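Next comes entry-v4.csv, a file with CSV, C-alpha atoms and all ligand atoms.
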```
chain,number,residue,atom,x,y,z
D,1,GLN,CA,118.7,68.5,82.8
D,2,GLU,CA,116.1,68.1,80.1
D,3,TYR,CA,116.4,65.2,77.7
D,4,THR,CA,114.3,63.9,74.9
D,5,MET,CA,113.6,60.2,75.4
D,6,VAL,CA,113.4,58.4,72.0
D,7,LYS,CA,111.6,55.1,71.8
D,8,LEU,CA,113.2,52.3,69.7
D,9,GLN,CA,110.7,49.5,69.4
D,10,LEU,CA,111.9,45.9,69.8
D,11,LYS,CA,111.2,43.9,66.7
D,12,LYS,CA,112.0,40.7,68.6
D,13,LEU,CA,111.9,40.0,72.3
D,14,PRO,CA,114.7,38.4,74.4
D,15,GLU,CA,114.1,34.7,75.3
D,16,SER,CA,113.2,35.6,78.9
D,17,MET,CA,110.4,37.9,77.7
D,18,LYS,CA,108.9,35.9,74.9
D,19,GLU,CA,106.0,34.4,76.7
D,20,LYS,CA,104.9,37.2,79.0
D,21,PHE,CA,105.4,40.1,76.6
D,22,ALA,CA,104.4,38.6,73.3
D,23,ASP,CA,101.4,41.0,72.8
D,24,ARG,CA,103.0,44.1,74.2
D,25,ASN,CA,104.8,47.0,72.6
D,26,VAL,CA,108.3,47.0,74.1
D,27,TYR,CA,110.8,49.9,73.6
D,28,LEU,CA,114.4,50.6,74.4
D,29,VAL,CA,114.1,54.2,75.6
D,30,ALA,CA,117.2,56.3,74.9
D,31,ALA,CA,117.9,59.8,76.5
D,32,THR,CA,119.4,62.3,74.1
D,33,LEU,CA,120.1,66.0,74.0
D,34,ARG,CA,120.3,65.9,70.2
D,35,ALA,CA,116.9,65.1,68.8
D,36,GLU,CA,117.9,66.6,65.4
D,37,THR,CA,120.5,63.8,65.0
D,38,MET,CA,117.9,61.0,65.0
D,39,PHE,CA,118.2,60.9,61.2
D,40,GLY,CA,121.6,59.4,61.7
D,41,GLN,CA,120.9,56.5,64.0
D,42,THR,CA,122.8,53.3,63.1
D,43,ASN,CA,122.3,51.2,66.3
D,44,CYS,CA,121.5,51.5,70.0
D,45,TRP,CA,123.9,51.0,73.0
D,46,VAL,CA,123.3,49.1,76.2
D,47,LEU,CA,125.6,48.2,79.0
D,48,PRO,CA,126.1,44.4,79.0
D,49,LYS,CA,126.3,44.3,82.8
D,50,GLY,CA,123.6,46.9,83.3
D,51,GLU,CA,120.3,45.9,84.8
D,52,TYR,CA,117.2,47.4,83.1
D,53,TRP,CA,113.7,47.6,84.3
D,54,LEU,CA,110.6,46.7,82.3
D,55,TYR,CA,108.6,49.7,83.2
D,56,GLU,CA,104.9,49.8,82.4
D,57,THR,CA,103.6,53.2,81.5
D,58,VAL,CA,100.2,54.5,82.1
D,59,THR,CA,99.3,53.7,78.4
D,60,LYS,CA,100.5,50.1,79.0
D,61,GLU,CA,103.6,50.4,76.9
D,62,VAL,CA,106.7,48.6,78.2
D,63,TRP,CA,109.8,50.7,78.4
D,64,VAL,CA,113.3,49.3,79.0
D,65,LEU,CA,115.4,51.7,81.0
D,66,SER,CA,117.3,52.0,84.3
D,67,GLU,CA,115.5,51.8,87.6
D,68,ARG,CA,116.5,55.3,88.4
D,69,ALA,CA,115.0,56.6,85.1
D,70,ALA,CA,111.8,54.7,85.7
D,71,THR,CA,111.5,56.3,89.1
D,72,ASN,CA,112.0,59.7,87.6
D,73,CYS,CA,109.4,58.9,84.9
D,74,SER,CA,106.9,58.0,87.6
D,75,TYR,CA,107.1,61.6,88.8
D,76,GLN,CA,106.3,62.9,85.3
D,77,GLU,CA,103.2,62.1,83.4
D,78,PHE,CA,104.1,58.4,82.6
D,79,SER,CA,102.8,56.5,85.7
D,80,LYS,CA,99.3,56.4,87.0
D,81,GLU,CA,100.5,57.0,90.6
D,82,MET,CA,103.1,59.6,91.4
D,83,GLY,CA,106.4,58.1,92.5
D,84,LYS,CA,105.2,54.5,92.1
D,85,PRO,CA,106.7,53.0,88.9
D,86,VAL,CA,105.2,49.7,87.9
D,87,CYS,CA,108.0,47.2,87.3
D,88,LEU,CA,107.0,44.1,85.3
D,89,GLY,CA,110.5,42.5,85.6
D,90,THR,CA,114.1,43.2,84.7
D,91,VAL,CA,116.5,42.3,81.9
D,92,THR,CA,120.3,42.6,81.7
D,93,GLY,CA,121.9,44.5,78.9
D,94,LYS,CA,123.5,41.2,77.9
D,95,GLU,CA,120.1,39.7,77.1
D,96,LEU,CA,119.3,42.7,74.9
D,97,LEU,CA,122.4,42.5,72.7
D,98,GLY,CA,121.8,41.7,69.1
D,99,LEU,CA,118.1,42.4,69.2
D,100,PRO,CA,116.6,44.1,66.1
D,101,LEU,CA,115.0,47.5,66.7
D,102,SER,CA,113.2,50.1,64.7
D,103,ALA,CA,114.6,53.6,65.3
D,104,PRO,CA,112.5,56.6,64.5
D,105,LEU,CA,113.7,58.7,61.6
D,106,SER,CA,116.6,56.4,60.8
D,107,PRO,CA,116.8,55.5,57.1
D,108,TYR,CA,118.0,52.0,58.3
D,109,GLU,CA,114.8,50.0,58.7
D,110,THR,CA,116.3,47.7,61.3
D,111,VAL,CA,119.2,48.6,63.7
D,112,TYR,CA,120.6,46.5,66.5
D,113,ALA,CA,121.2,46.7,70.2
D,114,LEU,CA,125.0,46.6,70.7
D,115,PRO,CA,127.4,46.7,73.7
D,116,LEU,CA,129.0,50.0,75.0
D,117,MET,CA,131.2,49.6,78.0
D,118,THR,CA,131.3,53.3,78.9
D,119,ILE,CA,127.6,53.7,79.6
D,120,LYS,CA,126.7,55.3,83.0
D,121,MET,CA,123.7,53.8,84.6
D,122,ASN,CA,123.1,56.8,86.7
D,123,LYS,CA,122.7,59.2,83.8
D,124,GLY,CA,119.8,59.5,81.4
D,125,THR,CA,118.1,56.1,81.0
D,126,GLY,CA,121.2,53.9,80.7
D,127,VAL,CA,120.2,53.3,77.1
D,128,VAL,CA,122.0,55.4,74.5
D,129,THR,CA,121.1,55.8,70.8
D,130,SER,CA,124.0,55.9,68.4
D,131,VAL,CA,124.8,58.5,65.9
D,132,PRO,CA,128.4,57.8,64.6
D,133,SER,CA,128.3,60.7,62.1
D,134,ASP,CA,128.1,63.3,64.9
D,135,ALA,CA,129.0,61.6,68.2
D,136,PRO,CA,132.7,60.6,68.6
D,137,ASP,CA,131.9,58.1,71.3
D,138,ASP,CA,129.4,56.3,69.0
D,139,TYR,CA,131.7,56.4,66.0
D,140,ARG,CA,134.6,54.9,68.0
D,141,ALA,CA,132.6,52.2,69.7
D,142,LEU,CA,131.1,51.1,66.5
D,143,GLN,CA,134.5,51.0,64.9
D,144,ASP,CA,135.8,48.9,67.8
D,145,LEU,CA,133.1,46.3,67.1
D,146,LYS,CA,133.7,46.4,63.3
D,147,GLU,CA,137.5,46.0,63.7
D,148,ASN,CA,137.6,43.4,66.5
D,149,ALA,CA,136.1,40.0,65.8
D,150,GLU,CA,136.9,38.8,69.3
D,151,LEU,CA,135.0,41.6,70.8
D,152,ARG,CA,132.0,40.8,68.6
D,153,GLU,CA,132.2,37.1,69.5
D,154,LYS,CA,132.4,37.9,73.2
D,155,TYR,CA,129.0,39.6,73.0
D,156,GLY,CA,127.4,37.4,70.3
D,157,ILE,CA,127.4,40.2,67.8
D,158,THR,CA,127.5,39.3,64.1
D,159,GLU,CA,129.2,41.3,61.3
D,160,GLU,CA,125.8,42.1,59.8
D,161,MET,CA,124.7,43.8,63.0
D,162,VAL,CA,127.6,46.3,62.8
D,163,ASP,CA,127.6,46.7,59.0
D,164,PHE,CA,126.2,50.3,59.1
D,165,ASP,CA,127.9,53.4,57.7
D,166,PRO,CA,127.6,56.7,59.4
D,167,ILE,CA,125.0,58.9,57.7
D,168,PRO,CA,125.8,62.5,56.7
D,169,ILE,CA,123.1,64.6,58.3
D,170,ILE,CA,124.8,67.8,59.4
D,171,GLU,CA,127.4,70.0,57.6
D,172,ILE,CA,129.8,71.8,59.9
D,173,PRO,CA,132.4,74.3,58.5
D,174,GLU,CA,135.9,72.7,58.6
D,175,LEU,CA,134.6,69.4,60.0
D,176,GLY,CA,132.5,68.4,57.0
D,177,ASN,CA,129.4,66.2,57.0
D,178,LEU,CA,130.7,63.4,59.2
D,179,ALA,CA,132.1,65.6,62.0
D,180,ALA,CA,132.7,62.8,64.5
D,181,VAL,CA,134.6,60.7,62.0
D,182,THR,CA,136.7,63.7,61.0
D,183,VAL,CA,137.6,64.5,64.6
D,184,CYS,CA,138.3,60.9,65.7
D,185,LYS,CA,140.6,60.4,62.8
D,186,SER,CA,142.5,63.7,63.2
D,187,MET,CA,142.9,63.1,66.9
D,188,LYS,CA,143.9,59.5,66.2
D,189,ILE,CA,141.4,58.1,68.7
D,190,LYS,CA,141.8,54.3,68.7
D,191,SER,CA,139.4,53.0,71.3
D,192,GLN,CA,136.1,53.7,73.1
D,193,HIS,CA,138.2,53.7,76.3
D,194,SER,CA,140.2,56.8,75.3
D,195,VAL,CA,137.9,58.7,77.6
D,196,LYS,CA,139.9,61.9,77.8
D,197,LYS,CA,140.4,62.4,74.1
D,198,LEU,CA,136.8,61.4,73.4
D,199,ALA,CA,135.6,64.1,75.8
D,200,GLN,CA,137.5,66.7,73.9
D,201,ALA,CA,136.3,65.4,70.6
D,202,LYS,CA,132.7,65.5,71.9
D,203,GLU,CA,133.1,69.0,73.1
D,204,LEU,CA,134.3,70.2,69.8
D,205,CYS,CA,131.6,68.5,67.8
D,206,TYR,CA,128.9,69.8,70.2
D,207,THR,CA,130.0,73.4,70.2
D,208,LYS,CA,130.8,73.8,66.5
D,209,GLY,CA,127.9,71.7,65.5
D,210,PHE,CA,125.4,73.6,67.6
D,211,TYR,CA,126.4,77.1,66.5
D,212,GLU,CA,127.7,76.5,62.9
D,213,GLY,CA,126.1,73.3,61.8
D,214,LYS,CA,123.4,73.1,59.2
D,215,MET,CA,121.1,70.2,58.5
D,216,ILE,CA,121.5,68.5,55.1
D,217,VAL,CA,118.8,65.9,55.4
D,218,LYS,CA,116.0,66.0,52.9
D,219,GLY,CA,113.3,68.5,53.7
D,220,MET,CA,115.5,70.3,56.3
D,221,GLU,CA,118.2,71.6,54.0
D,222,ASP,CA,120.1,74.6,55.5
D,223,VAL,CA,118.1,74.7,58.8
D,224,LEU,CA,120.6,75.5,61.6
D,225,VAL,CA,121.2,72.8,64.1
D,226,LYS,CA,120.1,75.0,66.9
D,227,ASP,CA,116.7,75.6,65.2
D,228,ALA,CA,116.3,72.0,64.0
D,229,LYS,CA,116.5,70.6,67.5
D,230,ASP,CA,113.1,71.8,68.7
D,231,ILE,CA,111.4,71.2,65.3
D,232,ILE,CA,112.5,67.5,65.3
D,233,LYS,CA,111.8,67.1,69.0
D,234,ASP,CA,108.2,68.4,68.6
D,235,ARG,CA,107.7,66.3,65.6
D,236,LEU,CA,108.8,63.1,67.3
D,237,ILE,CA,106.7,63.8,70.4
D,238,LYS,CA,103.6,64.5,68.2
D,239,GLU,CA,104.1,61.2,66.5
D,240,GLY,CA,104.4,59.3,69.8
D,241,LYS,CA,108.0,58.4,69.1
D,242,ALA,CA,109.5,60.4,71.9
D,243,VAL,CA,108.7,62.2,75.1
D,244,ASN,CA,110.3,65.0,77.2
D,245,TYR,CA,112.2,63.7,80.2
D,246,CYS,CA,113.7,65.7,83.1
D,247,GLU,CA,116.1,64.6,85.7
D,248,PRO,CA,116.8,66.4,89.0
D,249,GLU,CA,119.9,68.6,88.8
D,250,SER,CA,121.4,67.1,91.9
D,251,GLU,CA,121.7,63.7,90.2
D,252,VAL,CA,123.3,65.0,87.0
D,253,ILE,CA,126.8,63.8,86.6
D,254,GLY,CA,129.2,66.2,85.0
D,255,ARG,CA,129.5,66.3,81.3
D,256,ASN,CA,132.6,64.1,81.2
D,257,GLY,CA,131.6,61.8,83.9
D,301,LIG,C1,122.4,61.1,70.5
D,301,LIG,C2,123.5,62.0,70.2
D,301,LIG,C3,123.9,62.4,68.9
D,301,LIG,C4,124.3,62.4,71.3
D,301,LIG,C5,125.1,63.2,68.8
D,301,LIG,C6,125.4,63.1,71.3
D,301,LIG,C7,125.8,63.6,70.0
D,301,LIG,P1,126.3,64.9,77.9
D,301,LIG,O1,126.6,66.2,77.3
D,301,LIG,O2,127.5,64.2,78.5
D,301,LIG,O3,125.1,65.0,78.9
D,301,LIG,N1,124.3,59.6,76.7
D,301,LIG,C8,123.1,59.7,77.2
D,301,LIG,N2,123.0,59.0,78.3
D,301,LIG,C9,124.2,58.4,78.5
D,301,LIG,C10,124.7,57.5,79.5
D,301,LIG,N3,124.0,57.0,80.5
D,301,LIG,N4,126.0,57.1,79.4
D,301,LIG,C11,126.8,57.5,78.3
D,301,LIG,N5,126.3,58.4,77.4
D,301,LIG,C12,125.1,58.8,77.5
D,301,LIG,O4,125.8,63.9,76.8
D,301,LIG,C13,124.6,63.6,76.5
D,301,LIG,C14,124.7,62.6,75.4
D,301,LIG,O5,125.5,61.5,75.9
D,301,LIG,C15,123.4,62.1,74.8
D,301,LIG,O6,123.2,62.7,73.5
D,301,LIG,C16,123.8,60.7,74.5
D,301,LIG,O7,124.3,60.7,73.2
D,301,LIG,C17,124.9,60.3,75.5
D,301,LIG,F1,125.5,63.6,67.7
D,301,LIG,O8,122.3,61.2,71.9
D,301,LIG,B1,123.5,61.8,72.5
D,301,LIG,C18,128.9,65.6,70.3
D,301,LIG,C19,127.8,64.7,70.8
D,301,LIG,N6,126.9,64.3,69.8
```

Re-express the file's structure as structure tokens.
Amino acid sequence: QEYTMVKLQLKKLPESMKEKFADRNVYLVAATLRAETMFGQTNCWVLPKGEYWLYETVTKEVWVLSERAATNCSYQEFSKEMGKPVCLGTVTGKELLGLPLSAPLSPYETVYALPLMTIKMNKGTGVVTSVPSDAPDDYRALQDLKENAELREKYGITEEMVDFDPIPIIEIPELGNLAAVTVCKSMKIKSQHSVKKLAQAKELCYTKGFYEGKMIVKGMEDVLVKDAKDIIKDRLIKEGKAVNYCEPESEVIGRNG
């Protein structure tokens, strides 16, 4: 499976990292198959109970991602020694919650790290960037936090951190310019834990979006989604804001878990 890893820079460090990492560039690194949707990022998801490595790359950046992803990275061009990832420490997802981030291509200058309970730590990097306009899971999970004060309180999330509207970036025939919102509403999906319905919604948005979707962001008007993907991916990589990331087929978990 070939992902793009997008780097969301931490604008503030968690308490446990403040001393040791004050002068380092630290990034939450999210694995995505949808580079062209990075214009629509409103937040980043982490698993509160997840354990994340502070992985030092060959260029001395610090990447926050799962141990498994760090190990895979060390076999690509990111570590000095093949198969020997340098681990500078660990943090839990909980410690990352509420931290401000800068997300490449997002019109929101600051977005926040928020809790998602359905993250799989054995897929991608265990960090997921959120595009509620086009990803049903993201739309629903963000709605859960907006609608449920208790849930926010439990994780120390404030209203300001979730006060982000989905951004229209792709126009899809019949689904409009906020496909995930349309589909979640018409399927009456009420929680991020509606796993089955969300899988169906995701499938629909993926397929229809990929073949029939057109970009509506400035400068990319009318470019087909399937053509935009590589254009945006290459642009992000060139700017140092993303890298290619492969994981071995055998470890890939099926599309719906
Ligand atoms: C941004 C994005 C925008 C995504 C979109 C999807 C969509 P798949 O097909 O199941 O492999 N993801 C990545 N890693 C994880 C993880 N560990 N746990 C849970 N979700 C994860 O799905 C790959 C997508 O699942 C990735 O692409 C990521 O979300 C998420 F508009 O990144 B995506 C219709 C989907 N739209």

Selection near D:Ala149, 9 Å with all atoms listed in the file, sequence-local residues under 4 positions removed, as a PyMOL selection string: chain D and resi 145+153-154+157-159

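Each of D:Ile231, D:Leu116, D:Cys205, D:Val46 was checked against D:Gln143 using only C-alpha atoms; the smallest atom-to-atom distance is that of D:Leu116.
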
Quick one: residues within 7 Å of D:Ala179, all atoms listed in the file counted, chain neighbours fewer than 3 positions away excluded, as a PyMOL selection string? chain D and resi 133-134+172+175-176+182-183+205

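Closest approach to D:Glu36 among D:Lys7, D:Lys226, D:Lys12, D:Lys146: D:Lys226, based on only C-alpha atoms.
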
Let me see if you get this right: every residue at most 8 Å from ligand LIG 301 (chain D), counting all atoms listed in the file, written as an mmCIF file with C-alpha atoms, in the coordinates of the input.
```cif
data_model
loop_
_atom_site.group_PDB
_atom_site.id
_atom_site.type_symbol
_atom_site.label_atom_id
_atom_site.label_comp_id
_atom_site.auth_asym_id
_atom_site.auth_seq_id
_atom_site.Cartn_x
_atom_site.Cartn_y
_atom_site.Cartn_z
ATOM 1 C CA ALA D 30 117.200 56.300 74.900
ATOM 2 C CA ALA D 31 117.900 59.800 76.500
ATOM 3 C CA THR D 32 119.400 62.300 74.100
ATOM 4 C CA LEU D 33 120.100 66.000 74.000
ATOM 5 C CA ARG D 34 120.300 65.900 70.200
ATOM 6 C CA ALA D 35 116.900 65.100 68.800
ATOM 7 C CA THR D 37 120.500 63.800 65.000
ATOM 8 C CA MET D 38 117.900 61.000 65.000
ATOM 9 C CA THR D 118 131.300 53.300 78.900
ATOM 10 C CA ILE D 119 127.600 53.700 79.600
ATOM 11 C CA LYS D 120 126.700 55.300 83.000
ATOM 12 C CA MET D 121 123.700 53.800 84.600
ATOM 13 C CA ASN D 122 123.100 56.800 86.700
ATOM 14 C CA LYS D 123 122.700 59.200 83.800
ATOM 15 C CA GLY D 124 119.800 59.500 81.400
ATOM 16 C CA THR D 125 118.100 56.100 81.000
ATOM 17 C CA GLY D 126 121.200 53.900 80.700
ATOM 18 C CA VAL D 127 120.200 53.300 77.100
ATOM 19 C CA VAL D 128 122.000 55.400 74.500
ATOM 20 C CA THR D 129 121.100 55.800 70.800
ATOM 21 C CA SER D 130 124.000 55.900 68.400
ATOM 22 C CA VAL D 131 124.800 58.500 65.900
ATOM 23 C CA PRO D 132 128.400 57.800 64.600
ATOM 24 C CA SER D 133 128.300 60.700 62.100
ATOM 25 C CA ASP D 134 128.100 63.300 64.900
ATOM 26 C CA ALA D 135 129.000 61.600 68.200
ATOM 27 C CA PRO D 136 132.700 60.600 68.600
ATOM 28 C CA ASP D 137 131.900 58.100 71.300
ATOM 29 C CA ASP D 138 129.400 56.300 69.000
ATOM 30 C CA ALA D 180 132.700 62.800 64.500
ATOM 31 C CA ALA D 201 136.300 65.400 70.600
ATOM 32 C CA LYS D 202 132.700 65.500 71.900
ATOM 33 C CA GLU D 203 133.100 69.000 73.100
ATOM 34 C CA LEU D 204 134.300 70.200 69.800
ATOM 35 C CA CYS D 205 131.600 68.500 67.800
ATOM 36 C CA TYR D 206 128.900 69.800 70.200
ATOM 37 C CA THR D 207 130.000 73.400 70.200
ATOM 38 C CA GLY D 209 127.900 71.700 65.500
ATOM 39 C CA ILE D 253 126.800 63.800 86.600
ATOM 40 C CA GLY D 254 129.200 66.200 85.000
ATOM 41 C CA ARG D 255 129.500 66.300 81.300
ATOM 42 C CA ASN D 256 132.600 64.100 81.200
ATOM 43 C CA GLY D 257 131.600 61.800 83.900
#
```

For stretch 66-70 of chain D: contacts at 12 Å, only C-alpha atoms, fewer than 3 positions along chain excluded, given as number ranges by chain: D: 3, 5, 28-31, 46-47, 49-57, 62-63, 73-79, 82-93, 119-128, 245-248, 251-252

Would you save the residues from that selection as a CSV table (one decimal), keeping the file's coordinate frame, using C-alpha atoms?
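part-v7.csv was written with the following content:
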```
chain,number,residue,atom,x,y,z
D,3,TYR,CA,116.4,65.2,77.7
D,5,MET,CA,113.6,60.2,75.4
D,28,LEU,CA,114.4,50.6,74.4
D,29,VAL,CA,114.1,54.2,75.6
D,30,ALA,CA,117.2,56.3,74.9
D,31,ALA,CA,117.9,59.8,76.5
D,46,VAL,CA,123.3,49.1,76.2
D,47,LEU,CA,125.6,48.2,79.0
D,49,LYS,CA,126.3,44.3,82.8
D,50,GLY,CA,123.6,46.9,83.3
D,51,GLU,CA,120.3,45.9,84.8
D,52,TYR,CA,117.2,47.4,83.1
D,53,TRP,CA,113.7,47.6,84.3
D,54,LEU,CA,110.6,46.7,82.3
D,55,TYR,CA,108.6,49.7,83.2
D,56,GLU,CA,104.9,49.8,82.4
D,57,THR,CA,103.6,53.2,81.5
D,62,VAL,CA,106.7,48.6,78.2
D,63,TRP,CA,109.8,50.7,78.4
D,73,CYS,CA,109.4,58.9,84.9
D,74,SER,CA,106.9,58.0,87.6
D,75,TYR,CA,107.1,61.6,88.8
D,76,GLN,CA,106.3,62.9,85.3
D,77,GLU,CA,103.2,62.1,83.4
D,78,PHE,CA,104.1,58.4,82.6
D,79,SER,CA,102.8,56.5,85.7
D,82,MET,CA,103.1,59.6,91.4
D,83,GLY,CA,106.4,58.1,92.5
D,84,LYS,CA,105.2,54.5,92.1
D,85,PRO,CA,106.7,53.0,88.9
D,86,VAL,CA,105.2,49.7,87.9
D,87,CYS,CA,108.0,47.2,87.3
D,88,LEU,CA,107.0,44.1,85.3
D,89,GLY,CA,110.5,42.5,85.6
D,90,THR,CA,114.1,43.2,84.7
D,91,VAL,CA,116.5,42.3,81.9
D,92,THR,CA,120.3,42.6,81.7
D,93,GLY,CA,121.9,44.5,78.9
D,119,ILE,CA,127.6,53.7,79.6
D,120,LYS,CA,126.7,55.3,83.0
D,121,MET,CA,123.7,53.8,84.6
D,122,ASN,CA,123.1,56.8,86.7
D,123,LYS,CA,122.7,59.2,83.8
D,124,GLY,CA,119.8,59.5,81.4
D,125,THR,CA,118.1,56.1,81.0
D,126,GLY,CA,121.2,53.9,80.7
D,127,VAL,CA,120.2,53.3,77.1
D,128,VAL,CA,122.0,55.4,74.5
D,245,TYR,CA,112.2,63.7,80.2
D,246,CYS,CA,113.7,65.7,83.1
D,247,GLU,CA,116.1,64.6,85.7
D,248,PRO,CA,116.8,66.4,89.0
D,251,GLU,CA,121.7,63.7,90.2
D,252,VAL,CA,123.3,65.0,87.0
```

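The spacing separating atom CA of D:Glu81 from atom CA of D:Val58 amounts to 8.9 Å.
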
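Distances from D:Trp45, D:Pro100, D:Leu13, D:Lys94 to D:Leu142 were compared using all atoms listed in the file, and the smallest one belongs to D:Trp45.
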
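Comparing D:Val225, D:Ile232, D:Leu114, D:Leu99 by their smallest distance to D:Pro48, the closest is D:Leu114 (using all atoms listed in the file).
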
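Of the listed residues D:Leu105, D:Asp230, D:Pro166, D:Ala113, the one whose atoms come nearest to D:Cys44 is D:Ala113, with distances taken using only C-alpha atoms.
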
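Compared by their closest atoms to D:Gly40, and using all atoms listed in the file, the residues D:Gly98, D:Pro14, D:Pro115, D:Pro168 rank with D:Pro168 nearest.
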
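Using only C-alpha atoms, the protein and nucleic acid residues lying at most 12 Å from the point (111.2, 54.9, 62.8) are Val6, Lys7, Leu8, Gln9, Leu10, Lys11, Tyr27, Met38, Phe39, Gly40, Gln41, Thr42, Leu101, Ser102, Ala103, Pro104, Leu105, Ser106, Pro107, Tyr108, Glu109, Thr110, Val111, Leu236, Glu239, Gly240, Lys241 and Ala242 of chain D.
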
Selected residues written out, C-alpha atoms, as a PDB file, in the frame of the given file:
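The resulting file, part12.pdb, is shown below:
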```pdb
ATOM      1  CA  VAL D   6     113.400  58.400  72.000  1.00  0.00           C
ATOM      2  CA  LYS D   7     111.600  55.100  71.800  1.00  0.00           C
ATOM      3  CA  LEU D   8     113.200  52.300  69.700  1.00  0.00           C
ATOM      4  CA  GLN D   9     110.700  49.500  69.400  1.00  0.00           C
ATOM      5  CA  LEU D  10     111.900  45.900  69.800  1.00  0.00           C
ATOM      6  CA  LYS D  11     111.200  43.900  66.700  1.00  0.00           C
ATOM      7  CA  TYR D  27     110.800  49.900  73.600  1.00  0.00           C
ATOM      8  CA  MET D  38     117.900  61.000  65.000  1.00  0.00           C
ATOM      9  CA  PHE D  39     118.200  60.900  61.200  1.00  0.00           C
ATOM     10  CA  GLY D  40     121.600  59.400  61.700  1.00  0.00           C
ATOM     11  CA  GLN D  41     120.900  56.500  64.000  1.00  0.00           C
ATOM     12  CA  THR D  42     122.800  53.300  63.100  1.00  0.00           C
ATOM     13  CA  LEU D 101     115.000  47.500  66.700  1.00  0.00           C
ATOM     14  CA  SER D 102     113.200  50.100  64.700  1.00  0.00           C
ATOM     15  CA  ALA D 103     114.600  53.600  65.300  1.00  0.00           C
ATOM     16  CA  PRO D 104     112.500  56.600  64.500  1.00  0.00           C
ATOM     17  CA  LEU D 105     113.700  58.700  61.600  1.00  0.00           C
ATOM     18  CA  SER D 106     116.600  56.400  60.800  1.00  0.00           C
ATOM     19  CA  PRO D 107     116.800  55.500  57.100  1.00  0.00           C
ATOM     20  CA  TYR D 108     118.000  52.000  58.300  1.00  0.00           C
ATOM     21  CA  GLU D 109     114.800  50.000  58.700  1.00  0.00           C
ATOM     22  CA  THR D 110     116.300  47.700  61.300  1.00  0.00           C
ATOM     23  CA  VAL D 111     119.200  48.600  63.700  1.00  0.00           C
ATOM     24  CA  LEU D 236     108.800  63.100  67.300  1.00  0.00           C
ATOM     25  CA  GLU D 239     104.100  61.200  66.500  1.00  0.00           C
ATOM     26  CA  GLY D 240     104.400  59.300  69.800  1.00  0.00           C
ATOM     27  CA  LYS D 241     108.000  58.400  69.100  1.00  0.00           C
ATOM     28  CA  ALA D 242     109.500  60.400  71.900  1.00  0.00           C
TER      29      ALA D 242
END
```

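Near D:Arg24, within a cut-off of 9 Å and counting only C-alpha atoms, sit the residues Lys20, Phe21, Lys60, Glu61 and Val62 of chain D, with same-chain residues fewer than 3 positions away left out.
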